[in-house]
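What follows is a set of notes on a single structure, which appears directly below.
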Amino acid sequence: MPELRFGHAVNRALSDAMAADPSVIVLGEDVGEAGGSFGATRSLRERFGAERVLDTPISEAAIVGAAVGAAMSGLKPVVEIMFMDFVTLAMDALVNQAAKARFMFGGQTSVPMVLRTPHGGGVNAGPQHSQCLEAWFAHIPGLKVVCPSDAASAYGLLRAAIDDPDPVIFIENKSLYGRKADVPETLDILPLGKASVARAGRDATIVTYGAAVHTALSAASALARDGIEAEVLDLRSLQPWDEQAVLASLRRTHRLIVAHEAVEAFGVGAEIAARMADVGFDELDGPIVRVGAPFTPVPFSKTLEAGYLPGADAIVTAVRRTLE
Amino acid sequence: MHEDTERHPGRGADRGANRAEPAELYRTVRLIRRTEERLKDLFAAGEVPGFIHLSIGQEAISAGVMSALTPQDTIASTHRGHGHAIAKGLSLPGFFAELLGKEDGLCRGRGGSMHVADMSVGMLGANGIVAAGLSIAMGSALAHKTLKREAIAAVFFGDGALAEGVVHETFNLAKLWRLPLLFVCENNGWGEFLPTSKQISFKLADLAAAYGLPHDDVDGNNVFAVAESAHRAVGRIRAGEGPRILECRTTRVRGHYEGDAQKYRAPDEIKALAERDAVQLAALALTKQGSSEAELSAINDEVERTLDTAVEKARTGAEAAFETARREVYTREARS
């Protein structure tokens, strides 16, 4: 099996999508000549030209608004927003325009655009360059939200997101870009809305996504040393999320933990916990426990950020709690 | 979804070639005016849900600019966008049905007055967010350019929108990328309840100069003047000269929204607006050019008949049903 870095998988997905469909364009700050702040768009400009790989000024609102108009006029734009924190500047275009256009125009148009953006801490980037804001978008009818955990899912989900007729927020945890993983010889396009079992287990289900999948896998390894077999379910898509897969796993384990790097309060985990407390009530043999970041901004210093980020130990504690 | 034959023929082959003809320009301003006067009455009678923003007094801009555009050209509009939609040639029965909240409305009752759109004629939508249309139209212009179409995009916005930050971003980017985009500022002197002088510290012409954007100033109540300026501007954009601004001085006769008593305006100001009435000015000019009263009456009668049919059809349509709408948030859901 060949090895592939997460960032290279994103790059390959963009490159293959552009080769397959001439209406796909890439735009964003420093995506062209510089190849992207995290290198995800490297060499695309050389291969596809400046007309399809557009360096933009620092104008998030206009860039994303332009992507909406372009998507309504025959292009499939893939916008890069350099850090997820900067989506605040483009919220009207995303929430009032992209998300609404199909519905409020009575189905006359779709908005086939993708907004790629890195979230997450761990690099001491501080309060305005580290946030995980995915729950905001999962709350908006009309948007889809995807968050891959490894190279193969980054490739497969990004291809699916670009092919999708509706606006997709595609979130890449910045700690994953350099991470290598074994991938199949042929990378497949993966369906949006489908979860994947990252590790099978019988005693408890840890539902998670993005970089937290790896934290959950570490936790599962630690628990296994004590004879506790936790199942790790990688959601991959947050909107729509794979309710059937979560329920199916809960039916096997009867214990549920939801873990993510985003702030715990009002997060993705809250939605999953609430749904499972309803449709999965009869399956539960313990409390649903959430693991997420504390209710503070992401701090800067090494010690502060280390204290902030939810680690494997927090997931281990959560699993033990629900097994009590 | 809608048969072409249902559409008002303003965009059709029978009218397309002569949309800049004086009689046709008069017909369009008259059609917009009478459409909105009927909406005013329908609203007062409680048949139009929500709230509406009438463009009475500003019709010449829509008629004049659209006379320079083709059906392939795209436009983005505003909350005060009925005139833009009508002049671009959308289905009038579909328009009225939408405003009445009916299932056979252009947007099937999901959007209403502030979100009327007709993609089949390049009308990318009215918009409930001030200045949101600028970047959307810019994206449309980018698509035209990237896909090597001959089409251009145009965006309408009020003077009130000039205080929004995205205007700066869009002016800069459109100029930088030399996009086929016409910015049409409908300067009616008011932004909601405050005069422009209390909201905007600069002149659009000065702003345009800062971006290197060519700026034309025109009497927005004179449909012939608007048409002439628009044809010139659109011609230069089609020739590849990049984006430009057309600022149209106009008058908002009704309130910010229908039902706004406009206590903030001086009575003599509103009275003076009558002297600049776009429909009367167009009729007067036609008469001076030799049109007879009978010819004008014939146009007016045809407009009334068209509106009678459209309103009646809209009224008898079925109400929109939520059970259908809720399955249409995403494209593939709707198809399955």
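Ordering of the structure tokens sets the chain letters (A, B, ...), residue numbers begin anew at 1 in every chain, and ligands are numbered from 1 in the order given.
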
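Within 7 Å of region 27-34 of chain B, once only C-alpha atoms are used and residues closer than 2 positions along the same chain are dropped, the contacting residues are B:Ala23, B:Glu24, B:Leu25, B:Glu36, B:Glu37, B:Arg38, B:Ile56, B:Glu59, B:Ala60, B:Ala63, B:Gly83, B:Ile86, B:Ala87, B:Val279, B:Ile299, B:Val303.
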
Put those residues in a file: N, CA, C and O atoms, as a PDB file, in the first residue's frame.
ATOM      1  N   ALA B  23     -41.220  53.312 -27.809  1.00  0.00           N
ATOM      2  CA  ALA B  23     -42.523  52.806 -27.374  1.00  0.00           C
ATOM      3  C   ALA B  23     -42.356  51.623 -26.432  1.00  0.00           C
ATOM      4  O   ALA B  23     -43.116  51.455 -25.470  1.00  0.00           O
ATOM      5  N   GLU B  24     -41.351  50.822 -26.701  1.00  0.00           N
ATOM      6  CA  GLU B  24     -41.099  49.647 -25.851  1.00  0.00           C
ATOM      7  C   GLU B  24     -40.592  50.077 -24.476  1.00  0.00           C
ATOM      8  O   GLU B  24     -40.966  49.497 -23.451  1.00  0.00           O
ATOM      9  N   LEU B  25     -39.741  51.099 -24.451  1.00  0.00           N
ATOM     10  CA  LEU B  25     -39.257  51.609 -23.162  1.00  0.00           C
ATOM     11  C   LEU B  25     -40.423  52.180 -22.355  1.00  0.00           C
ATOM     12  O   LEU B  25     -40.528  51.968 -21.145  1.00  0.00           O
ATOM     13  N   GLU B  36     -46.766  47.509  -9.789  1.00  0.00           N
ATOM     14  CA  GLU B  36     -46.570  47.864  -8.381  1.00  0.00           C
ATOM     15  C   GLU B  36     -47.798  48.555  -7.798  1.00  0.00           C
ATOM     16  O   GLU B  36     -48.085  48.411  -6.611  1.00  0.00           O
ATOM     17  N   GLU B  37     -48.514  49.315  -8.626  1.00  0.00           N
ATOM     18  CA  GLU B  37     -49.753  49.916  -8.109  1.00  0.00           C
ATOM     19  C   GLU B  37     -50.773  48.825  -7.779  1.00  0.00           C
ATOM     20  O   GLU B  37     -51.506  48.916  -6.801  1.00  0.00           O
ATOM     21  N   ARG B  38     -50.783  47.801  -8.600  1.00  0.00           N
ATOM     22  CA  ARG B  38     -51.697  46.683  -8.291  1.00  0.00           C
ATOM     23  C   ARG B  38     -51.237  45.949  -7.034  1.00  0.00           C
ATOM     24  O   ARG B  38     -52.048  45.526  -6.216  1.00  0.00           O
ATOM     25  N   ILE B  56     -41.767  52.366  -7.033  1.00  0.00           N
ATOM     26  CA  ILE B  56     -42.498  53.413  -7.758  1.00  0.00           C
ATOM     27  C   ILE B  56     -41.653  54.692  -7.782  1.00  0.00           C
ATOM     28  O   ILE B  56     -41.177  55.152  -6.741  1.00  0.00           O
ATOM     29  N   GLU B  59     -38.720  53.343 -12.013  1.00  0.00           N
ATOM     30  CA  GLU B  59     -38.916  52.357 -13.085  1.00  0.00           C
ATOM     31  C   GLU B  59     -38.002  52.553 -14.287  1.00  0.00           C
ATOM     32  O   GLU B  59     -37.647  51.585 -14.982  1.00  0.00           O
ATOM     33  N   ALA B  60     -37.638  53.806 -14.550  1.00  0.00           N
ATOM     34  CA  ALA B  60     -36.862  54.090 -15.764  1.00  0.00           C
ATOM     35  C   ALA B  60     -35.497  53.402 -15.741  1.00  0.00           C
ATOM     36  O   ALA B  60     -34.940  53.063 -16.788  1.00  0.00           O
ATOM     37  N   ALA B  63     -36.033  49.681 -16.813  1.00  0.00           N
ATOM     38  CA  ALA B  63     -36.380  49.603 -18.236  1.00  0.00           C
ATOM     39  C   ALA B  63     -35.183  49.985 -19.106  1.00  0.00           C
ATOM     40  O   ALA B  63     -34.871  49.305 -20.092  1.00  0.00           O
ATOM     41  N   GLY B  83     -39.045  45.937 -10.281  1.00  0.00           N
ATOM     42  CA  GLY B  83     -38.803  46.520 -11.605  1.00  0.00           C
ATOM     43  C   GLY B  83     -37.713  45.784 -12.363  1.00  0.00           C
ATOM     44  O   GLY B  83     -37.826  45.548 -13.571  1.00  0.00           O
ATOM     45  N   ILE B  86     -39.170  42.436 -13.621  1.00  0.00           N
ATOM     46  CA  ILE B  86     -40.146  42.600 -14.708  1.00  0.00           C
ATOM     47  C   ILE B  86     -39.430  42.996 -16.002  1.00  0.00           C
ATOM     48  O   ILE B  86     -39.669  42.426 -17.063  1.00  0.00           O
ATOM     49  N   ALA B  87     -38.521  43.958 -15.887  1.00  0.00           N
ATOM     50  CA  ALA B  87     -37.823  44.410 -17.092  1.00  0.00           C
ATOM     51  C   ALA B  87     -36.922  43.317 -17.668  1.00  0.00           C
ATOM     52  O   ALA B  87     -36.685  43.274 -18.871  1.00  0.00           O
ATOM     53  N   VAL B 279     -42.884  57.745 -15.550  1.00  0.00           N
ATOM     54  CA  VAL B 279     -43.872  57.297 -16.538  1.00  0.00           C
ATOM     55  C   VAL B 279     -44.385  58.499 -17.334  1.00  0.00           C
ATOM     56  O   VAL B 279     -44.478  58.457 -18.569  1.00  0.00           O
ATOM     57  N   ILE B 299     -51.093  51.024 -25.769  1.00  0.00           N
ATOM     58  CA  ILE B 299     -50.059  50.393 -24.920  1.00  0.00           C
ATOM     59  C   ILE B 299     -50.601  50.201 -23.510  1.00  0.00           C
ATOM     60  O   ILE B 299     -50.502  49.119 -22.916  1.00  0.00           O
ATOM     61  N   VAL B 303     -51.180  46.713 -21.416  1.00  0.00           N
ATOM     62  CA  VAL B 303     -50.562  46.477 -20.092  1.00  0.00           C
ATOM     63  C   VAL B 303     -51.620  46.042 -19.086  1.00  0.00           C
ATOM     64  O   VAL B 303     -51.424  45.080 -18.333  1.00  0.00           O
TER      65      VAL B 303
END

Exercise for the section: Write out as a PyMOL selection string every residue belonging to chain B that has an atom at most 8 Å from any atom of chain A, counting only C-alpha atoms. Expected result: chain B and resi 106-111+115-119+124-125+129+132+135-144+146-147+166+169-170+173+325+328-332

Practice task
Please identify all polymer residues within 6 Å of region 1-16 of chain A, counting only C-alpha atoms, omitting same-chain residues fewer than 5 positions from it, and present them as a ChimeraX atom specification.
Solution key: /A:40-41,150-151,154-155,159,177-184

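The space separating CA of Glu172 (chain A) from CA of Gly39 (chain A) comes to 12.5 Å.
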
Problem - region 60-115 of chain A: residues DSSP assigns to strand (DSSP E), reported as number ranges by chain - result: A: 76-80, 114-115

Exercise for the section: Would you mind listing what lies within 9 Å of Ile61 (chain B) as a PyMOL selection string, with only C-alpha atoms counted and same-chain residues fewer than 2 positions away left out? Expected result: chain B and resi 29+58-59+63-66+83-84+184+186+219-223+226-227+248+250

Completion exercise
A straight line from CA of Ser91 (chain B) to CA of Ala321 (chain B) spans 21.4 Å

Problem - Å distance separating CA of Leu90 (chain B) from CA of Gly105 (chain B), one decimal place - result: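 It comes out at 11.3 Å.
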
Handout entry: Nearest to Lys175 (chain B), chosen from B:Glu241, B:Asp73, B:Asp206, B:Asp268, with only C-alpha atoms counted in the distances
Key =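 Of B:Glu241, B:Asp73, B:Asp206, B:Asp268, the one nearest Lys175 (chain B), counting only C-alpha atoms, is B:Glu241.
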